[in-house]
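Below is one structure, written out as structure tokens, with a few remarks after it.
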Amino acid sequence: MDAKAFFLFALLSLSAVSLRTAFAEDEKDPGLIMNFYKDTCPQTEDIIREQVKLLYKRHKNTAFSWLRNIFHDCAVQSCDASLLLDSTRRTLSEKETDRSFGLRNFRYLDAIKEAVERECPGVVSCADILVLSARDGIVSLGGPYIPLKTGRRDGRNSRADVVEQYLPDHNESISVVLERFAAMGIDTPGVVSLLGAHSVGRTHCVKLVHRLYPEVDPVLNPDHVEHMLYKCPDSIPDPKAVQYVRNDRGTPMILDNNYYRNILDNKGLLTVDHQLATDKRTKPYVKKMAKSQDYFFKEFARAITILSENNPLTGTKGEIRKQCKSSTFLLSLCEEEE
């Protein structure tokens, strides 16, 4: 065999090996797909759905928490349940950052994980449970059912040090909010629909007193100001006190388009709510969603889907945690050190 023939043979052999490796990796890592657990734990989504219904029946506010979880986890680099990790001696939990102020009820997500583990130990990721519990929580609040893919794996590290680079604050400018979500592939109508989540839940006085003291923000609806002052009587509220204002006084427990009518009437609690209703880039969509709940739900479902698929860990990346609050991998390392 001459040199040219040998070189060609070697090149073809290398290409064949590379193709076989690529196909093998594809077989191991199908990425996110519908019904990922159909063979390994076919009852996964039914268990999660039933647990969400049960917990919501007992504790209505849990649905708000599940909905917030998907924003706070998936918007920060990856949809990998890094939000759920507790602080360690070396790292701060994302749950303890300023951006996560007011997040709670993580114990109920732990309860869902325990129910899934009893049926299929070591199979279903916390990241998928976080996403699916948010999906089913949206339904509990009267929102649309959103078919979502699964197959995520859990991250091993907290992303507390970069949270503020990715997750906009309630009182950021609308330009910053649009920019942050655009980086995830969510367009302007998608952002407007996601902020419609402010239709449910409540806002702690800590986040809105700057619009009341020392002077009332003149753009606020005077009729709404009276209620806000009643609920937030202190200019420097105690962060640990139960001092809050319902985001939507009309339908506080229902995810609907009433939020858009409220902000057009200058009844938005947060600066971003007011900007959403007045900025020329977002106002047309606010008006459209105020008129049509179907349009709001369509855009909301589309945006949640994109958010839920933001840079997930799949295949052999990451891990499947035994407990959502601690990395199984890091826990084993700590045990070895001891």
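Quick note on naming: the chains in the structure tokens go A, B, ... in the order shown, residues restart at 1 in each chain, and ligands are numbered from 1 in order of appearance.
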
Worksheet entry | alpha helix (DSSP H) call set, DSSP backbone run, stretch 62-106 of chain A, as a PyMOL selection string | chain A and resi 62-74+106

Kindly save the residues from that selection, with all heavy atoms included, as a CSV table (one decimal), in the first residue's frame.
```csv
chain,number,residue,atom,x,y,z
A,62,THR,N,-48.5,27.4,47.8
A,62,THR,CA,-47.4,26.6,47.2
A,62,THR,C,-47.4,26.8,45.7
A,62,THR,O,-46.3,26.8,45.1
A,62,THR,CB,-47.6,25.1,47.5
A,62,THR,OG1,-48.9,24.7,47.0
A,62,THR,CG2,-47.5,24.8,49.0
A,63,ALA,N,-48.5,27.0,45.0
A,63,ALA,CA,-48.5,27.2,43.6
A,63,ALA,C,-47.7,28.4,43.2
A,63,ALA,O,-47.0,28.4,42.1
A,63,ALA,CB,-49.9,27.3,43.0
A,64,PHE,N,-47.8,29.5,44.0
A,64,PHE,CA,-47.0,30.7,43.6
A,64,PHE,C,-45.5,30.4,43.7
A,64,PHE,O,-44.7,30.8,42.9
A,64,PHE,CB,-47.3,31.8,44.6
A,64,PHE,CG,-48.7,32.1,44.8
A,64,PHE,CD1,-49.2,32.6,46.1
A,64,PHE,CD2,-49.7,32.0,43.8
A,64,PHE,CE1,-50.5,32.8,46.3
A,64,PHE,CE2,-51.0,32.3,44.0
A,64,PHE,CZ,-51.4,32.7,45.2
A,65,SER,N,-45.1,29.6,44.7
A,65,SER,CA,-43.7,29.2,44.9
A,65,SER,C,-43.2,28.4,43.7
A,65,SER,O,-42.1,28.6,43.2
A,65,SER,CB,-43.6,28.4,46.2
A,65,SER,OG,-44.0,29.2,47.3
A,66,TRP,N,-44.0,27.4,43.3
A,66,TRP,CA,-43.6,26.6,42.2
A,66,TRP,C,-43.4,27.4,40.9
A,66,TRP,O,-42.5,27.1,40.1
A,66,TRP,CB,-44.6,25.4,41.9
A,66,TRP,CG,-44.7,24.4,43.0
A,66,TRP,CD1,-43.6,24.0,43.8
A,66,TRP,CD2,-45.8,23.8,43.6
A,66,TRP,NE1,-44.0,23.1,44.7
A,66,TRP,CE2,-45.4,23.0,44.6
A,66,TRP,CE3,-47.2,23.8,43.3
A,66,TRP,CZ2,-46.3,22.2,45.4
A,66,TRP,CZ3,-48.1,23.1,44.0
A,66,TRP,CH2,-47.6,22.2,45.0
A,67,LEU,N,-44.3,28.4,40.7
A,67,LEU,CA,-44.2,29.2,39.6
A,67,LEU,C,-42.9,30.1,39.6
A,67,LEU,O,-42.2,30.2,38.6
A,67,LEU,CB,-45.4,30.1,39.5
A,67,LEU,CG,-45.6,31.0,38.2
A,67,LEU,CD1,-45.4,30.2,36.9
A,67,LEU,CD2,-46.9,31.7,38.2
A,68,ARG,N,-42.6,30.6,40.8
A,68,ARG,CA,-41.4,31.4,40.9
A,68,ARG,C,-40.2,30.6,40.8
A,68,ARG,O,-39.1,31.1,40.2
A,68,ARG,CB,-41.4,32.1,42.3
A,68,ARG,CG,-42.3,33.3,42.4
A,68,ARG,CD,-41.9,34.1,43.7
A,68,ARG,NE,-40.6,34.8,43.6
A,68,ARG,CZ,-40.0,35.5,44.6
A,68,ARG,NH1,-40.6,35.5,45.8
A,68,ARG,NH2,-38.9,36.1,44.4
A,69,ASN,N,-40.2,29.3,41.2
A,69,ASN,CA,-39.0,28.5,41.1
A,69,ASN,C,-38.5,28.4,39.7
A,69,ASN,O,-37.3,28.4,39.4
A,69,ASN,CB,-39.4,27.1,41.6
A,69,ASN,CG,-39.5,27.0,43.1
A,69,ASN,OD1,-39.0,27.9,43.8
A,69,ASN,ND2,-40.1,25.9,43.6
A,70,ILE,N,-39.4,28.2,38.7
A,70,ILE,CA,-39.0,28.0,37.3
A,70,ILE,C,-38.3,29.3,36.8
A,70,ILE,O,-37.3,29.2,36.0
A,70,ILE,CB,-40.1,27.6,36.4
A,70,ILE,CG1,-39.6,27.0,35.1
A,70,ILE,CG2,-41.1,28.7,36.2
A,70,ILE,CD1,-40.6,26.3,34.3
A,71,PHE,N,-38.7,30.4,37.2
A,71,PHE,CA,-38.1,31.7,36.8
A,71,PHE,C,-36.7,31.8,37.5
A,71,PHE,O,-35.7,32.0,36.8
A,71,PHE,CB,-38.9,32.9,37.3
A,71,PHE,CG,-40.2,33.1,36.5
A,71,PHE,CD1,-41.4,32.8,37.1
A,71,PHE,CD2,-40.1,33.6,35.2
A,71,PHE,CE1,-42.6,33.0,36.4
A,71,PHE,CE2,-41.3,33.8,34.5
A,71,PHE,CZ,-42.5,33.5,35.1
A,72,HIS,N,-36.6,31.5,38.8
A,72,HIS,CA,-35.4,31.8,39.5
A,72,HIS,C,-34.3,30.7,39.2
A,72,HIS,O,-33.1,30.9,39.3
A,72,HIS,CB,-35.7,31.8,41.0
A,72,HIS,CG,-36.3,33.1,41.4
A,72,HIS,ND1,-35.5,34.1,42.1
A,72,HIS,CD2,-37.5,33.6,41.3
A,72,HIS,CE1,-36.3,35.1,42.3
A,72,HIS,NE2,-37.5,34.9,41.8
A,73,ASP,N,-34.8,29.5,38.8
A,73,ASP,CA,-33.8,28.5,38.5
A,73,ASP,C,-33.4,28.5,37.0
A,73,ASP,O,-32.2,28.7,36.7
A,73,ASP,CB,-34.3,27.1,38.8
A,73,ASP,CG,-33.3,26.0,38.6
A,73,ASP,OD1,-32.3,26.0,39.2
A,73,ASP,OD2,-33.5,25.1,37.7
A,74,CYS,N,-34.3,28.5,36.1
A,74,CYS,CA,-34.0,28.4,34.7
A,74,CYS,C,-33.4,29.6,34.1
A,74,CYS,O,-32.7,29.5,33.1
A,74,CYS,CB,-35.3,27.9,33.9
A,74,CYS,SG,-35.9,26.3,34.4
A,106,PHE,N,-39.9,25.4,49.9
A,106,PHE,CA,-39.1,24.4,49.2
A,106,PHE,C,-39.3,23.0,49.8
A,106,PHE,O,-39.1,22.0,49.1
A,106,PHE,CB,-37.6,24.7,49.4
A,106,PHE,CG,-37.2,26.0,48.6
A,106,PHE,CD1,-36.9,27.1,49.3
A,106,PHE,CD2,-37.1,26.0,47.2
A,106,PHE,CE1,-36.5,28.3,48.6
A,106,PHE,CE2,-36.8,27.1,46.5
A,106,PHE,CZ,-36.5,28.3,47.2
```

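Proximity to A:Pro147 at 10 Å, evaluated using only C-alpha atoms and with sequence-adjacent residues fewer than 5 positions away removed, yields A:Met34, A:Asn35, A:Leu132, A:Arg135, A:Ala301, A:Thr305.
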
### Task
Find the residues around stretch 181-196 of chain A up to 8 Å (only C-alpha atoms counted), leave out those fewer than 6 positions away in its own chain, and share them as a VMD selection string.
chain A and resid 75 255 to 257 259 to 260 273 276 281 to 282 285 to 286 289 296 to 297 299 to 300 302 to 304 306 to 307 310

Extract, using only C-alpha atoms, all DNA, RNA and protein residues at most 7 Å from A:Arg159, discarding same-chain residues fewer than 4 positions from it, and format them as an MDAnalysis selection string.
chainID A and resid 82 94 163

Keeping only N, CA and C atoms, write those residues as a PDB file, in the first residue's frame.
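Output (again_12.pdb):
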```pdb
ATOM      1  N   SER A  82     -30.168  24.163  40.384  1.00  0.00           N
ATOM      2  CA  SER A  82     -29.132  24.721  41.258  1.00  0.00           C
ATOM      3  C   SER A  82     -29.768  25.598  42.337  1.00  0.00           C
ATOM      4  N   GLU A  94     -28.275  29.858  46.242  1.00  0.00           N
ATOM      5  CA  GLU A  94     -29.026  30.859  45.478  1.00  0.00           C
ATOM      6  C   GLU A  94     -30.267  31.310  46.241  1.00  0.00           C
ATOM      7  N   VAL A 163     -26.124  35.186  39.989  1.00  0.00           N
ATOM      8  CA  VAL A 163     -27.577  35.376  39.935  1.00  0.00           C
ATOM      9  C   VAL A 163     -27.959  36.757  39.401  1.00  0.00           C
TER      10      VAL A 163
END
```

My list of candidates is A:Thr203, A:Ser100, A:Gln165, A:Gln323. Which is closest to A:Val177 when distances are computed with only C-alpha atoms?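 Among A:Thr203, A:Ser100, A:Gln165, A:Gln323, it is A:Gln165 that comes nearest to A:Val177.
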
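Closest approach to A:Leu148 among A:Asn171, A:Ser326, A:Ser133, A:Gln43 is made by A:Ser133 (distances from only C-alpha atoms).
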
If we count only C-alpha atoms, what is near A:Ala115 at a cut-off of 9 Å, once residues fewer than 5 positions away on the same chain are taken out, given as a short mmCIF file (atom, residue, chain, number, x, y, z; two decimals) with C-alpha atoms, in the first residue's frame?
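Result file follows (result_25.cif):
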```cif
data_model
loop_
_atom_site.label_atom_id
_atom_site.label_comp_id
_atom_site.auth_asym_id
_atom_site.auth_seq_id
_atom_site.Cartn_x
_atom_site.Cartn_y
_atom_site.Cartn_z
CA ILE A 47 -47.03 11.24 40.67
CA ILE A 48 -45.91 14.85 40.37
CA GLN A 51 -48.68 15.59 44.63
CA ASP A 110 -38.88 17.96 48.69
CA CYS A 120 -38.38 5.09 41.23
#
```

Shortest interatomic distance to A:Asn61 - which of A:Leu109, A:Ile263, A:Ala277, A:Val200, counting only C-alpha atoms =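 Closest candidate: A:Val200.
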
Run DSSP on the backbone and tell me which residues of stretch 65-267 of chain A come out as strand (DSSP E); list them as a list in words.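 Matching residues for strand (DSSP E) in stretch 65-267 of chain A are Arg202, Thr203, His204, Tyr244, Val245 and Arg246 of chain A.
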
Serialized selection, N, CA, C and O atoms, as a PDB file, in the first residue's frame:
```
ATOM      1  N   ARG A 202     -48.080  37.747  45.869  1.00  0.00           N
ATOM      2  CA  ARG A 202     -48.022  39.006  46.611  1.00  0.00           C
ATOM      3  C   ARG A 202     -46.620  39.589  46.556  1.00  0.00           C
ATOM      4  O   ARG A 202     -45.657  38.886  46.246  1.00  0.00           O
ATOM      5  N   THR A 203     -46.533  40.862  46.868  1.00  0.00           N
ATOM      6  CA  THR A 203     -45.245  41.554  46.879  1.00  0.00           C
ATOM      7  C   THR A 203     -44.986  42.091  48.273  1.00  0.00           C
ATOM      8  O   THR A 203     -45.839  42.779  48.849  1.00  0.00           O
ATOM      9  N   HIS A 204     -43.824  41.783  48.825  1.00  0.00           N
ATOM     10  CA  HIS A 204     -43.488  42.261  50.165  1.00  0.00           C
ATOM     11  C   HIS A 204     -43.254  43.770  50.122  1.00  0.00           C
ATOM     12  O   HIS A 204     -42.749  44.314  49.142  1.00  0.00           O
ATOM     13  N   TYR A 244     -47.264  42.706  53.209  1.00  0.00           N
ATOM     14  CA  TYR A 244     -47.258  42.545  51.760  1.00  0.00           C
ATOM     15  C   TYR A 244     -48.553  43.076  51.164  1.00  0.00           C
ATOM     16  O   TYR A 244     -49.535  43.341  51.863  1.00  0.00           O
ATOM     17  N   VAL A 245     -48.537  43.229  49.845  1.00  0.00           N
ATOM     18  CA  VAL A 245     -49.719  43.644  49.092  1.00  0.00           C
ATOM     19  C   VAL A 245     -49.986  42.585  48.026  1.00  0.00           C
ATOM     20  O   VAL A 245     -49.056  42.142  47.349  1.00  0.00           O
ATOM     21  N   ARG A 246     -51.218  42.170  47.899  1.00  0.00           N
ATOM     22  CA  ARG A 246     -51.575  41.228  46.842  1.00  0.00           C
ATOM     23  C   ARG A 246     -51.328  41.867  45.482  1.00  0.00           C
ATOM     24  O   ARG A 246     -51.678  43.020  45.253  1.00  0.00           O
TER      25      ARG A 246
END
```
